[in-house]
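Quick notes on the structure that follows.
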Amino acid sequence: MIEATGLRKSYRVGRGRKAGTVEAVRGVDFAVERGEIVGFLGPNGAGKSTTMRMLATLIRPDGGRATIAGVDLLRAPAQVRRQIGFVAQASGTYDDSTARRDLVLQARLYGFGKAEAQRRAEAAIGAFQLDDFADRRIRTYSGGQRRRLDVALGVIHSPQVIFLDEPTAGLDPPSRVRMWQEVRRLRAEGMTIFLTTHYLDEADTLCDRLSIIDGGRIVAEGTPSDLKREISGDVVAIDLTRADVTDGPADADLPIAAKLLAEQPYVHSSEAVDGTLRLYVDSAATAIPQIMRTLLTRGVEPGAIEARRPSLDDVFLAKTGRSLQE
Amino acid sequence: MKLVRDTWLIFQQEVGLMVRNPVMVAFSLAQPVTYLILFAPFLKVVMVDRGASSYADAYRIYVPGLFVAMGLFGGLFAGYGLLSALRAGIIDRCRVTPVSRTGLLLGRALMHVCLNVVQAVIITVVALPFGLRVHLGNLLISYALLSVMVLLSTSISYDIALLVRNENSLGVLVNTVGQPISLLAGVLIPLVLAPLWIQQVAVWNPFSWATNGMRALFNGQITEPVVWQGALIMIVLAAVSLVWSSHLFNREVS
Ligand SMILES: Nc1ncnc2c1ncn2[C@@H]1O[C@H](COP(=O)(O)OP(=O)(O)OP(=O)(O)O)[C@@H](O)[C@H]1O
Ligand SMILES: [Mg+2]
């Protein structure tokens, strides 16, 4: 449904001597099949919105090609617009308007007549459960209500493909779960969904497949479970911020312990995130006693130690050397 | 045809939003009335120098000037609305639809035209009891001329807004451009009072042609060449400026 190869985009920033370019997207390839929910997971500034805005015909790629629903993005953007819906990261509604007015206008902008536009607005109000506030000023909506309206506006013309840029950013947990249900419903209605997120749980539970994007490049790709399986074994997270160190200064314990543990034969790899050391091991059950023994012989007593299955954050960490969690 | 339809849709939406904002409506209505009430006492005294011997004469000179002043500044500040719509993502939401790009811009500009004509009608109606008398046909032609002028000032504002892309620079530019233009159009202080060199500079100010054209119309001198000259200048410039702003707008809008 979506096929992109080598999409690139850089922005010119600054004036005069301070002028430079920001390489926002440095060549991304991916494909989305009909009826899939595919996500771009990445930190702030990774190039998620830029990629999405290129695919939604809002900005022109500097290089690369893409086809959406069989239509060439660069050659026939007008035709692409008829096949896609787009929900931007920023809402895009006037505070003084109402859901119903905006829905009708949006349908009319897609070329529908007055009666059909009203019918579609009515249907969208029902489907997204906007009834209670459809005729109220948008400024009075809650964040979740506003975001549901945004998505309703994006799909008013029943597109084949819908692009959702951070559909749940800033929403409280119940509203997020609600939005996930809407997204799944759209898929059940036959839409193909491409979304961006920087939430690990969202990527994990909502997406059929993921591309992890960082610094304008895709660093990993696959289903959430495949990605996690790539990191075999268990993760042991050791909190060293509250560690007791009997010899040596306290701020030196993380590097010392990290170096020491990384050299142990049962540790595949290790990463330090803030004050926590993550060790990737075959089995936490056998590793933890050995880890404790190693630390204690050096007089380091960890504040807390935790064993768990690898998460998407571990995948991200393994691929980029940084953690997604703030 | 699609352009007309889409322009109309956007126009309707913008007018609807304007009407739904009571503060905006109150300000837009109060503004012309205050101008009239505050200036009325001065009018006859000041306008005597331009040969006004009665309030009727004074208003024939002052009211067209007021049209131009309000149309000029009303239009020049339109860029703010465009920038905030761009920032809020409203333009993007429209641009992912197959809507006509030019229609998006034109519909918004026409809202400002409509608003200014409504304000002009209010000014006219309020000035009637003070003694303003003007031929209906000429009055309607003045409104038409005003409409084209507002289209020009609005699209100039859009041009600037799309080039500088930020509200502060827009504000500074609009003020530095707007003040001399309005002075050199003799909207409030008649140019007859100005030194000769200013009068000569004013010849190059298109808005001064519009002011003079409108004053001639209010004086019942529809056959004066300045009427068609003013109209022609406004039409040509408005067309050029609109084409340019829609070009800027159709470039990647980010
Ligand atoms: N219009 C622009 N002009 C200049 N630089 C830009 C522009 N838009 C984005 N950038 C830069 O391009 C890079 C990618 O931005 P993008 O908005 O695509 O990131 P993102 O992954 O969507 O981030 P976020 O999670 O914060 O939304 C960033 O470094 C950003 O500063
Ligand atoms: Mg983004």
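Going through the structure tokens in order, the chains are called A, B, and so on, while each chain numbers its residues from 1 and the ligands are numbered from 1 in the order shown.
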For ligand 2, collect every residue having any atom at a distance of at most 12 Å from a ligand atom (counting only C-alpha atoms and all ligand atoms); output as a count of residues only. 31
Can you work out which residues from chain A touch chain B at a cut-off of 8 Å (counting only C-alpha atoms) and hand them back as a PDB file with N, CA, C and O atoms, in the first residue's frame?
```
ATOM      1  N   ALA A  56       2.514  12.623   2.852  1.00  0.00           N
ATOM      2  CA  ALA A  56       1.190  13.247   2.784  1.00  0.00           C
ATOM      3  C   ALA A  56       1.153  14.400   1.784  1.00  0.00           C
ATOM      4  O   ALA A  56       0.213  15.177   1.789  1.00  0.00           O
ATOM      5  N   THR A  57       2.161  14.533   0.965  1.00  0.00           N
ATOM      6  CA  THR A  57       2.259  15.551  -0.101  1.00  0.00           C
ATOM      7  C   THR A  57       2.408  16.977   0.432  1.00  0.00           C
ATOM      8  O   THR A  57       2.201  17.934  -0.310  1.00  0.00           O
ATOM      9  N   LEU A  58       2.756  17.128   1.696  1.00  0.00           N
ATOM     10  CA  LEU A  58       2.876  18.489   2.232  1.00  0.00           C
ATOM     11  C   LEU A  58       4.244  19.101   1.959  1.00  0.00           C
ATOM     12  O   LEU A  58       4.370  20.313   1.827  1.00  0.00           O
ATOM     13  N   ILE A  59       5.267  18.273   1.940  1.00  0.00           N
ATOM     14  CA  ILE A  59       6.578  18.785   1.555  1.00  0.00           C
ATOM     15  C   ILE A  59       7.180  17.853   0.521  1.00  0.00           C
ATOM     16  O   ILE A  59       6.861  16.671   0.464  1.00  0.00           O
ATOM     17  N   ARG A  60       8.028  18.422  -0.310  1.00  0.00           N
ATOM     18  CA  ARG A  60       8.601  17.672  -1.407  1.00  0.00           C
ATOM     19  C   ARG A  60       9.901  17.014  -0.965  1.00  0.00           C
ATOM     20  O   ARG A  60      10.764  17.697  -0.410  1.00  0.00           O
ATOM     21  N   ALA A  78      -1.660  15.053  -6.565  1.00  0.00           N
ATOM     22  CA  ALA A  78      -3.099  15.346  -6.447  1.00  0.00           C
ATOM     23  C   ALA A  78      -3.895  14.050  -6.334  1.00  0.00           C
ATOM     24  O   ALA A  78      -4.871  13.959  -5.583  1.00  0.00           O
ATOM     25  N   ARG A  81      -3.503  12.542  -2.879  1.00  0.00           N
ATOM     26  CA  ARG A  81      -4.336  13.196  -1.857  1.00  0.00           C
ATOM     27  C   ARG A  81      -5.712  12.563  -1.744  1.00  0.00           C
ATOM     28  O   ARG A  81      -6.318  12.578  -0.680  1.00  0.00           O
ATOM     29  N   ARG A  82      -6.233  12.039  -2.836  1.00  0.00           N
ATOM     30  CA  ARG A  82      -7.570  11.449  -2.782  1.00  0.00           C
ATOM     31  C   ARG A  82      -7.559  10.094  -2.068  1.00  0.00           C
ATOM     32  O   ARG A  82      -8.593   9.627  -1.605  1.00  0.00           O
ATOM     33  N   GLY A  85      -5.532   9.993   4.090  1.00  0.00           N
ATOM     34  CA  GLY A  85      -5.943  10.949   5.105  1.00  0.00           C
ATOM     35  C   GLY A  85      -4.729  11.257   5.950  1.00  0.00           C
ATOM     36  O   GLY A  85      -3.815  10.430   6.047  1.00  0.00           O
ATOM     37  N   PHE A  86      -4.704  12.434   6.544  1.00  0.00           N
ATOM     38  CA  PHE A  86      -3.519  12.827   7.299  1.00  0.00           C
ATOM     39  C   PHE A  86      -3.951  13.541   8.571  1.00  0.00           C
ATOM     40  O   PHE A  86      -4.781  14.432   8.527  1.00  0.00           O
ATOM     41  N   VAL A  87      -3.424  13.099   9.692  1.00  0.00           N
ATOM     42  CA  VAL A  87      -3.692  13.780  10.953  1.00  0.00           C
ATOM     43  C   VAL A  87      -2.350  14.270  11.485  1.00  0.00           C
ATOM     44  O   VAL A  87      -1.482  13.478  11.831  1.00  0.00           O
ATOM     45  N   ALA A  88      -2.178  15.585  11.493  1.00  0.00           N
ATOM     46  CA  ALA A  88      -0.891  16.168  11.848  1.00  0.00           C
ATOM     47  C   ALA A  88      -0.669  16.089  13.353  1.00  0.00           C
ATOM     48  O   ALA A  88      -1.588  15.845  14.125  1.00  0.00           O
ATOM     49  N   ALA A  90       0.200  18.635  15.211  1.00  0.00           N
ATOM     50  CA  ALA A  90      -0.567  19.761  15.782  1.00  0.00           C
ATOM     51  C   ALA A  90      -1.989  19.652  15.264  1.00  0.00           C
ATOM     52  O   ALA A  90      -2.209  19.280  14.126  1.00  0.00           O
ATOM     53  N   SER A  91      -2.921  20.025  16.105  1.00  0.00           N
ATOM     54  CA  SER A  91      -4.308  19.687  15.857  1.00  0.00           C
ATOM     55  C   SER A  91      -4.899  20.211  14.542  1.00  0.00           C
ATOM     56  O   SER A  91      -5.426  19.448  13.748  1.00  0.00           O
ATOM     57  N   GLY A  92      -4.809  21.521  14.288  1.00  0.00           N
ATOM     58  CA  GLY A  92      -5.308  22.017  13.013  1.00  0.00           C
ATOM     59  C   GLY A  92      -6.780  22.341  12.985  1.00  0.00           C
ATOM     60  O   GLY A  92      -7.432  22.213  11.943  1.00  0.00           O
ATOM     61  N   THR A  93      -7.327  22.729  14.142  1.00  0.00           N
ATOM     62  CA  THR A  93      -8.720  23.170  14.155  1.00  0.00           C
ATOM     63  C   THR A  93      -8.774  24.541  14.823  1.00  0.00           C
ATOM     64  O   THR A  93      -7.938  24.869  15.649  1.00  0.00           O
ATOM     65  N   TYR A  94      -9.783  25.318  14.440  1.00  0.00           N
ATOM     66  CA  TYR A  94      -9.991  26.626  15.060  1.00  0.00           C
ATOM     67  C   TYR A  94     -10.706  26.446  16.386  1.00  0.00           C
ATOM     68  O   TYR A  94     -11.676  25.702  16.477  1.00  0.00           O
ATOM     69  N   ASP A  96     -12.737  28.411  17.798  1.00  0.00           N
ATOM     70  CA  ASP A  96     -14.108  28.917  17.807  1.00  0.00           C
ATOM     71  C   ASP A  96     -15.049  28.108  16.934  1.00  0.00           C
ATOM     72  O   ASP A  96     -16.248  28.369  16.912  1.00  0.00           O
ATOM     73  N   SER A  97     -14.506  27.133  16.214  1.00  0.00           N
ATOM     74  CA  SER A  97     -15.369  26.317  15.375  1.00  0.00           C
ATOM     75  C   SER A  97     -15.969  25.186  16.212  1.00  0.00           C
ATOM     76  O   SER A  97     -15.725  25.093  17.409  1.00  0.00           O
ATOM     77  N   LEU A 105     -17.100  20.947   6.609  1.00  0.00           N
ATOM     78  CA  LEU A 105     -16.198  21.668   5.709  1.00  0.00           C
ATOM     79  C   LEU A 105     -15.144  20.731   5.124  1.00  0.00           C
ATOM     80  O   LEU A 105     -14.874  20.747   3.914  1.00  0.00           O
ATOM     81  N   GLN A 106     -14.574  19.888   5.988  1.00  0.00           N
ATOM     82  CA  GLN A 106     -13.527  18.979   5.517  1.00  0.00           C
ATOM     83  C   GLN A 106     -14.067  18.081   4.399  1.00  0.00           C
ATOM     84  O   GLN A 106     -13.412  17.886   3.381  1.00  0.00           O
ATOM     85  N   ARG A 108     -16.507  18.754   2.422  1.00  0.00           N
ATOM     86  CA  ARG A 108     -16.740  19.572   1.223  1.00  0.00           C
ATOM     87  C   ARG A 108     -15.422  19.883   0.522  1.00  0.00           C
ATOM     88  O   ARG A 108     -15.372  19.953  -0.700  1.00  0.00           O
ATOM     89  N   LEU A 109     -14.337  20.055   1.296  1.00  0.00           N
ATOM     90  CA  LEU A 109     -13.044  20.302   0.667  1.00  0.00           C
ATOM     91  C   LEU A 109     -12.613  19.089  -0.160  1.00  0.00           C
ATOM     92  O   LEU A 109     -11.858  19.212  -1.108  1.00  0.00           O
ATOM     93  N   TYR A 110     -13.101  17.918   0.239  1.00  0.00           N
ATOM     94  CA  TYR A 110     -12.801  16.715  -0.556  1.00  0.00           C
ATOM     95  C   TYR A 110     -13.728  16.606  -1.752  1.00  0.00           C
ATOM     96  O   TYR A 110     -13.697  15.602  -2.466  1.00  0.00           O
ATOM     97  N   GLY A 111     -14.589  17.585  -1.934  1.00  0.00           N
ATOM     98  CA  GLY A 111     -15.397  17.623  -3.154  1.00  0.00           C
ATOM     99  C   GLY A 111     -16.809  17.086  -3.005  1.00  0.00           C
ATOM    100  O   GLY A 111     -17.551  17.043  -3.992  1.00  0.00           O
TER     101      GLY A 111
END
```
Neighbouring residues of Leu105 (chain B) were defined as those with any atom within 12 Å, considering only C-alpha atoms; residues of the same chain fewer than 6 positions away were excluded. Please report them as an MDAnalysis selection string. chainID B and resid 3:4 6:11 14 78:79 81:83 85:86 91 94:95 99 111:112 151 154:155 157:159 162 242:250
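Here CA of Leu145 (chain B) stands at a distance of 27.1 Å from CA of Trp197 (chain B).
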Please run DSSP on the backbone and report, as a PyMOL selection string, all residues within region 110-216 of chain A that come out as strand (DSSP E or B). chain A and resi 137+161-165+192-197+209-214
Taking 3 positions as the minimum chain separation for residues in the same chain, which residues sit within 10 Å of Leu130 (chain A) when counting only C-alpha atoms? Answer as a PDB file with C-alpha atoms, in the first residue's frame.
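Result written to out_3.pdb:
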```pdb
ATOM      1  CA  ALA A  99     -16.694  19.533  15.425  1.00  0.00           C
ATOM      2  CA  ARG A 100     -19.723  19.423  13.161  1.00  0.00           C
ATOM      3  CA  GLU A 122     -23.101  12.802  11.056  1.00  0.00           C
ATOM      4  CA  ALA A 124     -18.230  10.448  11.837  1.00  0.00           C
ATOM      5  CA  ILE A 125     -19.818  11.998  14.934  1.00  0.00           C
ATOM      6  CA  GLY A 126     -21.477   8.668  15.608  1.00  0.00           C
ATOM      7  CA  ALA A 127     -18.456   6.517  14.875  1.00  0.00           C
ATOM      8  CA  PHE A 133     -19.854  17.935  22.217  1.00  0.00           C
ATOM      9  CA  ALA A 134     -20.214  18.074  18.429  1.00  0.00           C
ATOM     10  CA  ASP A 135     -21.897  21.473  18.531  1.00  0.00           C
ATOM     11  CA  GLN A 145     -11.918  14.693  22.517  1.00  0.00           C
ATOM     12  CA  ARG A 146      -9.927  17.067  20.338  1.00  0.00           C
ATOM     13  CA  ARG A 148     -10.638  12.069  18.260  1.00  0.00           C
ATOM     14  CA  LEU A 149     -12.016  14.953  16.212  1.00  0.00           C
ATOM     15  CA  ALA A 152     -12.395  11.899  12.412  1.00  0.00           C
TER      16      ALA A 152
END
```
Among the residues A:Ser283, A:Gln325, A:Gln129, A:Thr276, the one that comes closest to Glu182 (chain A) [using only C-alpha atoms]: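 For Glu182 (chain A), the nearest of the given residues is A:Gln129.
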Got a sec: who's within 9 Å of Arg60 (chain B), counting only C-alpha atoms, leaving out chain neighbours fewer than 3 positions off, as a PyMOL selection string? chain B and resi 52+55-57+63-64+132-134+215-216+218-219
Take the residues just selected and output them with N, CA, C and O atoms as an mmCIF file, in the first residue's frame.
```
data_model
loop_
_atom_site.group_PDB
_atom_site.id
_atom_site.type_symbol
_atom_site.label_atom_id
_atom_site.label_comp_id
_atom_site.auth_asym_id
_atom_site.auth_seq_id
_atom_site.Cartn_x
_atom_site.Cartn_y
_atom_site.Cartn_z
ATOM 1 N N ALA B 52 -14.259 73.031 2.321
ATOM 2 C CA ALA B 52 -15.497 72.509 2.871
ATOM 3 C C ALA B 52 -16.184 73.607 3.665
ATOM 4 O O ALA B 52 -15.592 74.189 4.566
ATOM 5 N N TYR B 55 -20.852 70.581 6.958
ATOM 6 C CA TYR B 55 -20.565 69.215 7.377
ATOM 7 C C TYR B 55 -20.714 68.248 6.209
ATOM 8 O O TYR B 55 -19.937 67.290 6.077
ATOM 9 N N ALA B 56 -21.684 68.514 5.360
ATOM 10 C CA ALA B 56 -21.882 67.633 4.215
ATOM 11 C C ALA B 56 -20.609 67.563 3.379
ATOM 12 O O ALA B 56 -20.134 66.492 3.011
ATOM 13 N N ASP B 57 -20.032 68.742 3.110
ATOM 14 C CA ASP B 57 -18.785 68.794 2.336
ATOM 15 C C ASP B 57 -17.669 68.078 3.082
ATOM 16 O O ASP B 57 -16.912 67.295 2.511
ATOM 17 N N VAL B 63 -15.034 60.867 4.796
ATOM 18 C CA VAL B 63 -15.496 59.477 4.765
ATOM 19 C C VAL B 63 -14.689 58.607 3.792
ATOM 20 O O VAL B 63 -14.245 57.519 4.169
ATOM 21 N N PRO B 64 -14.432 59.052 2.560
ATOM 22 C CA PRO B 64 -13.607 58.195 1.680
ATOM 23 C C PRO B 64 -12.217 57.966 2.263
ATOM 24 O O PRO B 64 -11.669 56.860 2.150
ATOM 25 N N LEU B 132 -23.910 63.708 5.631
ATOM 26 C CA LEU B 132 -23.288 63.160 4.419
ATOM 27 C C LEU B 132 -24.347 62.893 3.360
ATOM 28 O O LEU B 132 -25.393 62.307 3.648
ATOM 29 N N ARG B 133 -24.095 63.328 2.174
ATOM 30 C CA ARG B 133 -25.001 63.043 1.062
ATOM 31 C C ARG B 133 -24.172 62.529 -0.103
ATOM 32 O O ARG B 133 -23.185 63.150 -0.486
ATOM 33 N N VAL B 134 -24.552 61.380 -0.623
ATOM 34 C CA VAL B 134 -23.795 60.833 -1.753
ATOM 35 C C VAL B 134 -24.748 60.056 -2.644
ATOM 36 O O VAL B 134 -25.695 59.413 -2.178
ATOM 37 N N ARG B 215 -12.876 60.073 -3.408
ATOM 38 C CA ARG B 215 -13.362 61.422 -3.072
ATOM 39 C C ARG B 215 -14.111 62.015 -4.255
ATOM 40 O O ARG B 215 -15.149 62.664 -4.063
ATOM 41 N N ALA B 216 -13.598 61.759 -5.453
ATOM 42 C CA ALA B 216 -14.287 62.269 -6.634
ATOM 43 C C ALA B 216 -15.669 61.650 -6.727
ATOM 44 O O ALA B 216 -16.661 62.339 -7.013
ATOM 45 N N PHE B 218 -17.508 60.521 -4.282
ATOM 46 C CA PHE B 218 -18.371 61.101 -3.248
ATOM 47 C C PHE B 218 -18.810 62.517 -3.618
ATOM 48 O O PHE B 218 -19.855 62.982 -3.187
ATOM 49 N N ASN B 219 -17.996 63.182 -4.440
ATOM 50 C CA ASN B 219 -18.351 64.526 -4.893
ATOM 51 C C ASN B 219 -19.277 64.505 -6.096
ATOM 52 O O ASN B 219 -19.606 65.544 -6.635
#
```
To test your reading of the structure, identify every residue in region 34-244 of chain A that backbone DSSP assigns to helix (DSSP H, G or I), and report it as a ChimeraX atom specification. /A:48-55,77-83,99-109,114-127,131-133,138-140,143-154,173-188,200-206,224-230
For region 304-306 of chain A, please output as a list in words all residues within 9 Å (counting only C-alpha atoms; exclusion window: fewer than 3 positions along the same chain). Val235, Val236, Ala237, Ile238, Asp239, Leu240, Arg242, Ala243, Ile288 and Glu301 of chain A
Determine the nearest neighbour of ligand 1 from the options A:Ile212, A:Gln79, A:Tyr141, A:Thr205, counting only C-alpha atoms and all ligand atoms.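 Result for the nearest residue to ligand 1: A:Ile212.
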